[in-house]
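Quick look at query19.txt (compact mmCIF, C-alpha atoms and all ligand atoms):
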```txt
# COMPACT_ATOMS: atom_id res chain seq x y z
CA MET A 1 98.92 86.37 75.45
CA THR A 2 99.40 89.38 77.66
CA THR A 3 101.31 92.36 76.34
CA ASN A 4 102.95 94.75 78.69
CA PRO A 5 103.56 98.28 77.49
CA ALA A 6 106.01 100.17 79.63
CA THR A 7 104.13 102.06 82.29
CA THR A 8 106.33 105.03 82.99
CA ILE A 9 103.94 107.95 83.19
CA THR A 10 106.14 110.84 82.28
CA ASP A 11 103.61 113.66 82.13
CA ALA A 12 101.86 112.92 85.38
CA SER A 13 102.12 116.37 86.90
CA SER A 14 103.58 117.22 90.24
CA GLY A 15 106.80 115.18 90.70
CA ALA A 16 109.74 117.55 90.45
CA GLY A 17 112.91 117.09 88.48
CA ARG A 18 112.18 113.71 86.88
CA THR A 19 114.83 112.35 84.59
CA GLY A 20 113.70 108.81 83.83
CA PRO A 21 113.09 105.56 85.63
CA VAL A 22 115.06 104.79 88.76
CA LEU A 23 113.31 101.46 89.04
CA ASP A 24 112.19 99.47 86.03
CA ILE A 25 110.26 96.29 86.72
CA THR A 26 109.42 93.98 83.81
CA GLY A 27 107.35 90.82 83.92
CA LEU A 28 107.86 90.24 87.64
CA THR A 29 106.23 86.99 88.68
CA VAL A 30 106.39 85.43 92.15
CA ARG A 31 105.06 81.98 93.04
CA PHE A 32 105.10 80.26 96.43
CA GLN A 33 105.30 76.50 96.43
CA LEU A 34 103.14 74.99 99.12
CA ARG A 35 102.85 71.29 99.87
CA ASP A 36 99.89 70.70 97.53
CA SER A 37 99.49 73.94 95.65
CA VAL A 38 101.15 77.02 94.20
CA VAL A 39 100.32 80.58 95.31
CA ASN A 40 100.36 83.01 92.37
CA ALA A 41 101.33 86.04 94.46
CA VAL A 42 102.57 88.42 91.74
CA THR A 43 101.92 87.87 88.03
CA ASP A 44 103.65 89.48 85.04
CA LEU A 45 104.01 92.86 86.72
CA THR A 46 105.54 95.63 84.60
CA ILE A 47 105.90 99.14 85.97
CA ALA A 48 108.49 101.89 86.24
CA LEU A 49 109.17 104.46 88.94
CA SER A 50 110.81 107.76 88.01
CA ARG A 51 112.96 110.11 90.01
CA GLY A 52 110.69 112.53 91.84
CA GLU A 53 107.71 110.21 91.54
CA LEU A 54 105.47 108.93 94.29
CA LEU A 55 103.78 105.80 93.00
CA ALA A 56 100.99 104.36 95.14
CA VAL A 57 100.07 100.69 94.87
CA VAL A 58 96.53 99.98 96.08
CA GLY A 59 94.33 96.90 96.18
CA GLU A 60 92.48 94.56 98.52
CA SER A 61 94.23 92.56 101.22
CA GLY A 62 96.20 89.61 99.86
CA CYS A 63 96.51 90.84 96.27
CA GLY A 64 100.35 90.72 96.31
CA LYS A 65 101.48 94.22 97.34
CA SER A 66 103.89 93.24 100.11
CA VAL A 67 105.24 90.32 98.10
CA LEU A 68 106.11 92.81 95.36
CA ALA A 69 108.08 94.86 97.91
CA HIS A 70 109.84 91.84 99.37
CA ALA A 71 110.75 90.50 95.91
CA LEU A 72 112.52 93.76 95.06
CA LEU A 73 114.46 93.73 98.32
CA GLY A 74 115.41 90.06 98.16
CA LEU A 75 113.43 89.28 101.29
CA LEU A 76 111.29 86.37 100.09
CA PRO A 77 111.42 82.98 101.81
CA ALA A 78 112.95 79.87 100.26
CA ASN A 79 109.66 78.52 98.87
CA ALA A 80 109.40 81.51 96.49
CA THR A 81 110.21 81.32 92.78
CA ILE A 82 110.85 84.67 91.11
CA SER A 83 111.09 85.55 87.44
CA GLY A 84 111.27 88.79 85.48
CA HIS A 85 113.59 91.78 85.75
CA ALA A 86 113.96 94.72 88.09
CA ARG A 87 116.59 97.31 87.29
CA LEU A 88 117.65 99.89 89.85
CA THR A 89 119.28 102.99 88.32
CA ASP A 90 119.58 105.38 91.23
CA SER A 91 121.75 108.44 91.46
CA HIS A 92 124.03 107.27 94.24
CA ALA A 93 126.76 104.85 93.27
CA GLY A 94 127.13 104.39 89.52
CA GLN A 95 126.22 100.98 88.16
CA PRO A 96 122.61 99.92 87.62
CA VAL A 97 121.68 96.87 89.67
CA ALA A 98 119.66 93.90 88.37
CA LEU A 99 117.82 93.40 91.66
CA LEU A 100 116.37 89.98 90.93
CA ALA A 101 119.67 88.61 89.65
CA CYS A 102 122.12 89.84 92.29
CA GLY A 103 122.90 87.80 95.33
CA GLU A 104 122.06 88.33 99.00
CA ARG A 105 125.60 89.55 99.68
CA GLN A 106 125.35 92.45 97.24
CA LEU A 107 121.80 93.28 98.32
CA ALA A 108 122.81 93.36 101.99
CA ARG A 109 126.06 95.25 101.46
CA SER A 110 125.17 97.88 98.91
CA VAL A 111 121.47 97.94 98.03
CA ARG A 112 119.18 97.61 101.05
CA GLY A 113 119.15 100.72 103.18
CA ARG A 114 121.03 103.31 101.15
CA ARG A 115 119.74 102.64 97.64
CA LEU A 116 116.47 100.88 98.36
CA GLY A 117 114.87 101.43 101.75
CA LEU A 118 111.85 99.69 103.27
CA ILE A 119 109.33 100.77 105.84
CA PRO A 120 107.99 97.28 106.59
CA GLN A 121 104.35 96.42 107.15
CA SER A 122 103.82 95.45 110.82
CA PRO A 123 107.05 97.07 112.07
CA ALA A 124 106.43 95.95 115.65
CA THR A 125 107.44 92.44 114.60
CA ALA A 126 110.20 93.59 112.21
CA LEU A 127 112.12 95.67 114.78
CA THR A 128 114.94 93.97 116.69
CA PRO A 129 113.44 93.51 120.19
CA VAL A 130 116.65 93.68 122.25
CA ARG A 131 117.78 97.20 121.35
CA THR A 132 116.17 100.49 122.20
CA GLY A 133 114.90 102.75 119.46
CA ARG A 134 117.81 105.09 120.14
CA ARG A 135 120.39 102.35 119.71
CA LEU A 136 118.72 101.07 116.52
CA LEU A 137 118.58 104.55 115.07
CA GLU A 138 122.11 105.56 116.07
CA GLU A 139 123.52 102.30 114.66
CA THR A 140 121.73 102.91 111.38
CA LEU A 141 122.99 106.47 111.22
CA ARG A 142 126.56 105.41 112.00
CA ALA A 143 126.39 102.77 109.26
CA HIS A 144 125.53 105.59 106.87
CA GLY A 145 128.11 108.26 107.49
CA HIS A 146 127.44 109.63 110.97
CA THR A 147 130.09 109.54 113.67
CA ARG A 148 129.68 108.46 117.28
CA ALA A 149 129.58 112.17 118.11
CA SER A 150 127.07 113.27 115.50
CA ALA A 151 124.68 110.29 115.67
CA PRO A 152 122.81 111.22 118.91
CA ALA A 153 121.65 114.61 117.66
CA ALA A 154 120.84 113.14 114.24
CA ALA A 155 118.79 110.41 115.94
CA ALA A 156 116.81 112.97 117.93
CA GLN A 157 116.19 114.95 114.75
CA ALA A 158 115.13 111.80 112.85
CA ALA A 159 112.63 111.02 115.61
CA THR A 160 111.24 114.54 115.53
CA ASP A 161 110.95 114.37 111.73
CA VAL A 162 108.57 111.42 111.98
CA GLY A 163 106.55 112.90 114.83
CA LEU A 164 108.13 110.79 117.58
CA ASP A 165 109.16 112.32 120.90
CA PRO A 166 112.98 111.74 121.15
CA ALA A 167 112.44 110.71 124.80
CA ASP A 168 110.51 107.68 123.51
CA LEU A 169 113.66 106.45 121.77
CA ASP A 170 114.78 104.99 125.10
CA ARG A 171 112.02 102.43 124.95
CA TYR A 172 112.44 98.92 123.58
CA PRO A 173 110.28 98.07 120.55
CA PHE A 174 107.90 95.96 122.65
CA GLU A 175 107.29 98.98 124.88
CA LEU A 176 106.07 101.05 121.93
CA SER A 177 102.47 101.35 120.78
CA GLY A 178 101.72 100.24 117.23
CA GLY A 179 101.75 103.82 116.00
CA MET A 180 105.03 104.62 117.79
CA ALA A 181 106.69 101.49 116.33
CA GLN A 182 105.41 102.59 112.94
CA ARG A 183 107.08 105.98 113.31
CA LEU A 184 110.33 104.42 114.56
CA ALA A 185 110.34 102.11 111.51
CA THR A 186 109.84 105.14 109.28
CA ALA A 187 112.73 106.98 110.96
CA LEU A 188 114.98 103.90 110.53
CA ALA A 189 114.13 103.58 106.82
CA VAL A 190 114.55 107.29 106.09
CA ALA A 191 117.81 107.71 108.07
CA PRO A 192 120.11 106.34 105.30
CA ASP A 193 118.41 108.71 102.82
CA PRO A 194 117.60 105.97 100.31
CA ALA A 195 117.25 106.83 96.62
CA ILE A 196 114.08 104.78 96.54
CA LEU A 197 111.89 104.22 99.56
CA ILE A 198 109.31 101.45 99.61
CA ALA A 199 106.74 102.28 102.26
CA ASP A 200 104.45 99.32 103.03
CA GLU A 201 101.38 100.66 104.84
CA PRO A 202 103.42 103.36 106.64
CA THR A 203 100.35 105.06 108.08
CA ALA A 204 98.73 101.99 109.66
CA GLY A 205 97.72 102.67 113.24
CA LEU A 206 98.38 106.40 113.07
CA ASP A 207 95.92 109.16 113.95
CA ARG A 208 94.92 111.47 111.12
CA PRO A 209 97.42 114.27 111.92
CA LEU A 210 100.27 111.73 112.04
CA VAL A 211 99.00 110.12 108.85
CA ASP A 212 99.28 113.48 107.13
CA HIS A 213 102.67 114.11 108.75
CA THR A 214 104.02 110.82 107.35
CA LEU A 215 102.49 111.38 103.92
CA ASP A 216 103.99 114.86 103.74
CA LEU A 217 107.39 113.43 104.67
CA LEU A 218 107.13 110.93 101.79
CA ARG A 219 106.02 113.67 99.41
CA ARG A 220 108.96 115.87 100.40
CA ARG A 221 111.38 113.03 99.62
CA CYS A 222 110.04 112.94 96.07
CA ASP A 223 110.01 116.70 95.69
CA SER A 224 113.70 116.76 96.58
CA GLY A 225 114.58 114.13 93.95
CA GLY A 226 113.89 110.83 95.68
CA ALA A 227 111.33 108.26 94.64
CA VAL A 228 108.72 106.48 96.75
CA LEU A 229 106.67 103.36 96.19
CA LEU A 230 103.79 103.68 98.66
CA ILE A 231 101.75 100.56 99.38
CA THR A 232 98.49 101.51 101.01
CA HIS A 233 94.88 100.57 101.66
CA ASP A 234 94.12 104.23 102.17
CA LEU A 235 92.84 105.61 98.86
CA SER A 236 92.56 109.14 100.24
CA ALA A 237 96.24 108.95 101.23
CA ALA A 238 97.09 107.89 97.68
CA ARG A 239 95.07 110.73 96.26
CA ARG A 240 96.70 113.24 98.60
CA VAL A 241 100.33 112.50 97.75
CA ALA A 242 100.73 110.15 94.79
CA ASP A 243 101.65 111.19 91.27
CA THR A 244 100.47 107.90 89.85
CA VAL A 245 98.42 105.03 91.24
CA ALA A 246 98.69 101.34 90.32
CA VAL A 247 95.69 99.19 91.16
CA MET A 248 96.44 95.53 91.91
CA TYR A 249 93.91 92.75 91.78
CA ALA A 250 94.64 89.06 92.35
CA SER A 251 98.39 89.40 91.77
CA ARG A 252 98.25 91.66 88.69
CA ILE A 253 98.31 95.38 88.06
CA VAL A 254 94.97 95.99 86.36
CA GLU A 255 95.32 99.76 85.95
CA HIS A 256 98.07 102.39 86.32
CA GLN A 257 97.16 106.04 85.85
CA PRO A 258 98.08 109.56 86.89
CA THR A 259 96.36 110.02 90.24
CA GLU A 260 93.67 112.50 89.21
CA GLN A 261 92.77 110.44 86.18
CA LEU A 262 92.33 107.35 88.30
CA PHE A 263 90.09 109.11 90.79
CA THR A 264 87.99 111.02 88.27
CA ALA A 265 87.83 108.61 85.34
CA PRO A 266 88.89 105.09 86.36
CA ALA A 267 89.12 102.77 83.37
CA HIS A 268 89.04 99.30 84.93
CA PRO A 269 85.77 98.01 86.45
CA TYR A 270 87.73 96.96 89.55
CA SER A 271 89.07 100.50 90.01
CA VAL A 272 85.50 101.79 89.60
CA ALA A 273 84.27 99.30 92.22
CA LEU A 274 87.10 100.15 94.64
CA LEU A 275 86.23 103.83 94.45
CA ASP A 276 82.48 103.15 94.71
CA ALA A 277 83.16 101.32 97.96
CA LEU A 278 84.46 104.51 99.58
CA PRO A 279 82.19 105.99 102.29
CA GLU A 280 82.36 109.40 100.65
CA ARG A 281 81.20 107.93 97.34
CA ALA A 282 78.51 105.27 96.76
CA PHE A 283 79.60 103.28 99.87
CA THR A 284 78.73 100.09 97.95
CA PRO A 285 80.88 97.09 98.83
CA ILE A 286 82.31 95.06 95.95
CA PRO A 287 80.17 91.91 95.68
CA GLY A 288 81.83 88.56 96.23
CA HIS A 289 85.44 87.86 97.14
CA PRO A 290 88.78 87.93 95.35
CA PRO A 291 89.77 84.55 93.87
CA MET A 292 92.13 82.19 95.65
CA LEU A 293 95.66 82.87 94.44
CA THR A 294 96.18 79.10 94.38
CA ASN A 295 93.38 78.76 91.86
CA LEU A 296 93.23 81.77 89.56
CA PRO A 297 90.80 81.63 86.65
CA ALA A 298 92.28 81.35 83.16
CA GLY A 299 90.64 84.58 82.01
CA CYS A 300 90.15 87.94 83.76
CA ALA A 301 90.34 87.31 87.51
CA PHE A 302 87.80 90.07 88.22
CA ALA A 303 85.15 88.69 85.84
CA PRO A 304 83.16 86.78 88.51
CA ARG A 305 82.59 90.10 90.38
CA CYS A 306 82.37 92.37 87.38
CA PRO A 307 79.07 93.90 86.22
CA ARG A 308 80.40 94.12 82.68
CA ALA A 309 81.72 90.58 82.32
CA ASP A 310 80.89 88.80 79.08
CA GLN A 311 82.29 85.93 77.06
CA ARG A 312 85.44 87.88 76.16
CA CYS A 313 86.51 87.80 79.80
CA ALA A 314 87.13 84.05 79.58
CA THR A 315 90.52 84.98 78.13
CA ALA A 316 93.08 87.09 79.99
CA PRO A 317 92.97 90.74 78.88
CA ALA A 318 96.12 92.33 77.50
CA THR A 319 97.52 95.44 79.18
CA THR A 320 96.96 98.34 76.81
CA ARG A 321 97.39 102.10 76.83
CA ALA A 322 94.49 104.12 78.24
CA GLY A 323 94.92 107.88 78.45
CA HIS A 324 98.31 108.55 80.02
CA GLY A 325 98.39 105.15 81.70
CA THR A 326 97.57 101.50 81.13
CA VAL A 327 94.65 99.19 81.79
CA ALA A 328 94.10 95.43 81.52
CA CYS A 329 90.43 95.02 80.61
CA HIS A 330 88.56 93.85 77.52
CA HIS A 331 86.05 96.68 78.00
CA ARG A 332 88.39 99.56 78.88
CA GLN A 333 85.47 101.07 80.73
CA ARG A 334 85.51 104.78 81.31
CA ALA A 335 83.20 105.74 84.14
CA ALA A 336 81.65 109.15 84.58
CA ALA A 337 83.55 111.40 86.96
N1 LIG B 1 105.80 82.79 102.32
C1 LIG B 1 104.60 82.63 101.74
N2 LIG B 1 104.17 81.40 101.40
C2 LIG B 1 102.97 81.22 100.80
N3 LIG B 1 102.13 82.22 100.49
C3 LIG B 1 102.51 83.48 100.80
C4 LIG B 1 103.76 83.74 101.45
N4 LIG B 1 103.87 85.09 101.64
C5 LIG B 1 102.74 85.63 101.13
N5 LIG B 1 101.92 84.66 100.63
C6 LIG B 1 100.63 84.84 99.98
O1 LIG B 1 100.80 85.76 98.90
C7 LIG B 1 99.63 86.52 98.72
C8 LIG B 1 99.97 88.00 98.67
O2 LIG B 1 100.38 88.41 99.97
P1 LIG B 1 100.78 89.91 100.31
O3 LIG B 1 101.34 89.91 101.69
O4 LIG B 1 101.63 90.44 99.22
O5 LIG B 1 99.37 90.64 100.26
P2 LIG B 1 99.10 92.22 100.45
O6 LIG B 1 98.49 92.69 99.17
O7 LIG B 1 100.32 92.89 100.94
O8 LIG B 1 97.96 92.16 101.57
P3 LIG B 1 97.72 93.15 102.83
O9 LIG B 1 97.04 94.35 102.24
O10 LIG B 1 96.81 92.35 103.71
O11 LIG B 1 99.04 93.46 103.44
C9 LIG B 1 98.69 86.14 99.87
O12 LIG B 1 97.76 85.21 99.38
C10 LIG B 1 99.61 85.51 100.88
O13 LIG B 1 98.91 84.55 101.63
NI NI B 2 100.85 93.72 102.68
```
Could the structure of this file be written out as structure tokens, please?
Amino acid sequence: MTTNPATTITDASSGAGRTGPVLDITGLTVRFQLRDSVVNAVTDLTIALSRGELLAVVGESGCGKSVLAHALLGLLPANATISGHARLTDSHAGQPVALLACGERQLARSVRGRRLGLIPQSPATALTPVRTGRRLLEETLRAHGHTRASAPAAAAQAATDVGLDPADLDRYPFELSGGMAQRLATALAVAPDPAILIADEPTAGLDRPLVDHTLDLLRRRCDSGGAVLLITHDLSAARRVADTVAVMYASRIVEHQPTEQLFTAPAHPYSVALLDALPERAFTPIPGHPPMLTNLPAGCAFAPRCPRADQRCATAPATTRAGHGTVACHHRQRAAA
């Protein structure tokens, strides 16, 4: 039986002006029904995001990060089954929203965009192909308070803010490079000034200076009272801007810690292995492969790759407190810094 202590990390340093969770996710589970099998994409995920907090979610490809984002935004396809709770308590318009319980109409009208924004992974395919960047951006701005007269200047400013030349707004999405489409998607998500921004690999395809530019923009949103859930493969990006880091493995969060704690004293053997794989550290790849999400083991999913695995790992580990965060491991390993 897995227990799930709340994972709001309230004393995690740099986020300014925090007043409690703006997003509270409890026991989120997502399954995809395929013809002959079920994909366990997200399993029993419990985490909270506070005002002013930048939470990074890291983990290998296919572990469930984007499905988590899409579940919160109501963007999953019809073969998905969702359970659990996700409560949005942002500062904008009054009532908390039970994200997983409210219908598409409410999500489309009053949640997506202004309260919960998304920078999608692979924006080149997510952007409407028949409108120029300028038209997309001006329409978004007009839908969120700008007038026909004020939108053009605001669009130019929004482009500049993400490091895009305003002249490039006259291109159609298919005329943009991957990195330019990425920046346009960022500008579109930021334009409504969402209380919570989910950024799914927002630095993919960007050169280092633009990576830093985008990360700084996300950090500034948190420092001025917003909240950001950053999904990234880039551990150095997470270390640079995140207050807390959640490590996902095979559909579960296996560890959630204040950023410095995770990087200096990771508690879960998978977190240790992920950090050891970095070129600037041991540069040792993690042996083996993640399990198939259609066929997860009954016990700890990392056990087949884990140097510390023993007979205890045949049962699923509970999520327990470790330092200021949580970890799901029978060993609760604490590596040397
Ligand atoms: N509509 C779907 N039907 C069936 N399986 C799906 C569907 N969408 C996603 N999946 C599966 O869910 C799992 C999690 O996918 P997800 O896109 O969340 O991974 P990710 O962690 O974001 O990976 P990446 O880092 O490569 O973006 C994968 O095994 C994926 O194949
Ligand atoms: Ni993804």
*Dump the neighbourhood of ligand LIG 1 (chain B) as a PyMOL selection string: all residues within 10 Å, distances computed on only C-alpha atoms and all ligand atoms.*
chain A and resi 30-35+37-42+57-71+76-80+121-122+200-201+231-233+248-251+291-294
_Considering only C-alpha atoms and all ligand atoms, can you say which of A:Glu138, A:Leu218, A:Leu230, A:Gly27 comes closest to ligand NI 2 (chain B)?_
A:Leu230
_Show me, as an MDAnalysis selection string, the residues that have an atom within 12 Å of Arg112 in chain A when counting only C-alpha atoms, minus same-chain residues fewer than 3 positions from it._
chainID A and resid 69:70 72:75 88 97 99 103:109 115:119 140 144 189:190 192:198
Around the point (99.7, 110.3, 111.0) in the file's coordinates, collect all residues with an atom within 10 Å, using only C-alpha atoms, and return them as a short mmCIF file (atom, residue, chain, number, x, y, z; two decimals) with C-alpha atoms, in the frame of the given file.
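Dumped to point30.cif:
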```
data_model
loop_
_atom_site.label_atom_id
_atom_site.label_comp_id
_atom_site.auth_asym_id
_atom_site.auth_seq_id
_atom_site.Cartn_x
_atom_site.Cartn_y
_atom_site.Cartn_z
CA VAL A 162 108.57 111.42 111.98
CA GLY A 163 106.55 112.90 114.83
CA GLY A 179 101.75 103.82 116.00
CA GLN A 182 105.41 102.59 112.94
CA ARG A 183 107.08 105.98 113.31
CA PRO A 202 103.42 103.36 106.64
CA THR A 203 100.35 105.06 108.08
CA ALA A 204 98.73 101.99 109.66
CA GLY A 205 97.72 102.67 113.24
CA LEU A 206 98.38 106.40 113.07
CA ASP A 207 95.92 109.16 113.95
CA ARG A 208 94.92 111.47 111.12
CA PRO A 209 97.42 114.27 111.92
CA LEU A 210 100.27 111.73 112.04
CA VAL A 211 99.00 110.12 108.85
CA ASP A 212 99.28 113.48 107.13
CA HIS A 213 102.67 114.11 108.75
CA THR A 214 104.02 110.82 107.35
CA LEU A 215 102.49 111.38 103.92
CA ASP A 216 103.99 114.86 103.74
#
```
*Would you mind listing what lies within 12 Å of Thr315 in chain A as number ranges by chain, with only C-alpha atoms counted and same-chain residues fewer than 6 positions away left out?*
A: 1-2, 297-303, 309, 328-330
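Nearest to ligand NI 2 (chain B) of all the residues A:Pro173, A:Gly225, A:Pro290, A:Pro120 is A:Pro120, counting only C-alpha atoms and all ligand atoms.
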Working from the structure I just supplied, which lacks atoms in range 147-165 of chain A, can you model N, CA and C atoms there and output them as a PDB file, in the frame of the given file?
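As written to disk, result07.pdb reads:
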```
ATOM      1  N   THR A 147     129.075 109.963 112.710  1.00  0.00           N
ATOM      2  CA  THR A 147     130.090 109.540 113.670  1.00  0.00           C
ATOM      3  C   THR A 147     129.414 109.271 115.016  1.00  0.00           C
ATOM      4  N   ARG A 148     130.185 108.693 115.926  1.00  0.00           N
ATOM      5  CA  ARG A 148     129.680 108.460 117.280  1.00  0.00           C
ATOM      6  C   ARG A 148     129.224 109.790 117.899  1.00  0.00           C
ATOM      7  N   ALA A 149     129.918 110.861 117.527  1.00  0.00           N
ATOM      8  CA  ALA A 149     129.580 112.170 118.110  1.00  0.00           C
ATOM      9  C   ALA A 149     128.341 112.788 117.467  1.00  0.00           C
ATOM     10  N   SER A 150     128.177 112.582 116.157  1.00  0.00           N
ATOM     11  CA  SER A 150     127.070 113.270 115.500  1.00  0.00           C
ATOM     12  C   SER A 150     125.769 112.463 115.513  1.00  0.00           C
ATOM     13  N   ALA A 151     125.869 111.148 115.763  1.00  0.00           N
ATOM     14  CA  ALA A 151     124.680 110.290 115.670  1.00  0.00           C
ATOM     15  C   ALA A 151     123.575 110.648 116.683  1.00  0.00           C
ATOM     16  N   PRO A 152     123.906 110.952 117.960  1.00  0.00           N
ATOM     17  CA  PRO A 152     122.810 111.220 118.910  1.00  0.00           C
ATOM     18  C   PRO A 152     121.904 112.373 118.492  1.00  0.00           C
ATOM     19  N   ALA A 153     122.487 113.471 118.070  1.00  0.00           N
ATOM     20  CA  ALA A 153     121.650 114.610 117.660  1.00  0.00           C
ATOM     21  C   ALA A 153     120.867 114.265 116.398  1.00  0.00           C
ATOM     22  N   ALA A 154     121.527 113.533 115.479  1.00  0.00           N
ATOM     23  CA  ALA A 154     120.840 113.140 114.240  1.00  0.00           C
ATOM     24  C   ALA A 154     119.665 112.203 114.557  1.00  0.00           C
ATOM     25  N   ALA A 155     119.861 111.328 115.556  1.00  0.00           N
ATOM     26  CA  ALA A 155     118.790 110.410 115.940  1.00  0.00           C
ATOM     27  C   ALA A 155     117.599 111.178 116.507  1.00  0.00           C
ATOM     28  N   ALA A 156     117.886 112.154 117.349  1.00  0.00           N
ATOM     29  CA  ALA A 156     116.810 112.970 117.930  1.00  0.00           C
ATOM     30  C   ALA A 156     116.057 113.716 116.814  1.00  0.00           C
ATOM     31  N   GLN A 157     116.821 114.230 115.859  1.00  0.00           N
ATOM     32  CA  GLN A 157     116.190 114.950 114.750  1.00  0.00           C
ATOM     33  C   GLN A 157     115.344 113.994 113.903  1.00  0.00           C
ATOM     34  N   ALA A 158     115.871 112.785 113.661  1.00  0.00           N
ATOM     35  CA  ALA A 158     115.130 111.800 112.850  1.00  0.00           C
ATOM     36  C   ALA A 158     113.819 111.426 113.532  1.00  0.00           C
ATOM     37  N   ALA A 159     113.860 111.318 114.874  1.00  0.00           N
ATOM     38  CA  ALA A 159     112.630 111.020 115.610  1.00  0.00           C
ATOM     39  C   ALA A 159     111.630 112.160 115.456  1.00  0.00           C
ATOM     40  N   THR A 160     112.117 113.374 115.642  1.00  0.00           N
ATOM     41  CA  THR A 160     111.240 114.540 115.530  1.00  0.00           C
ATOM     42  C   THR A 160     110.630 114.611 114.125  1.00  0.00           C
ATOM     43  N   ASP A 161     111.429 114.302 113.120  1.00  0.00           N
ATOM     44  CA  ASP A 161     110.950 114.370 111.730  1.00  0.00           C
ATOM     45  C   ASP A 161     109.753 113.462 111.475  1.00  0.00           C
ATOM     46  N   VAL A 162     109.695 112.339 112.192  1.00  0.00           N
ATOM     47  CA  VAL A 162     108.570 111.420 111.980  1.00  0.00           C
ATOM     48  C   VAL A 162     107.470 111.605 113.023  1.00  0.00           C
ATOM     49  N   GLY A 163     107.586 112.626 113.844  1.00  0.00           N
ATOM     50  CA  GLY A 163     106.550 112.900 114.830  1.00  0.00           C
ATOM     51  C   GLY A 163     106.662 112.056 116.080  1.00  0.00           C
ATOM     52  N   LEU A 164     107.900 111.601 116.375  1.00  0.00           N
ATOM     53  CA  LEU A 164     108.130 110.790 117.580  1.00  0.00           C
ATOM     54  C   LEU A 164     108.888 111.642 118.586  1.00  0.00           C
ATOM     55  N   ASP A 165     108.459 111.596 119.850  1.00  0.00           N
ATOM     56  CA  ASP A 165     109.160 112.320 120.900  1.00  0.00           C
ATOM     57  C   ASP A 165     110.525 111.649 121.112  1.00  0.00           C
TER      58      ASP A 165
END
```
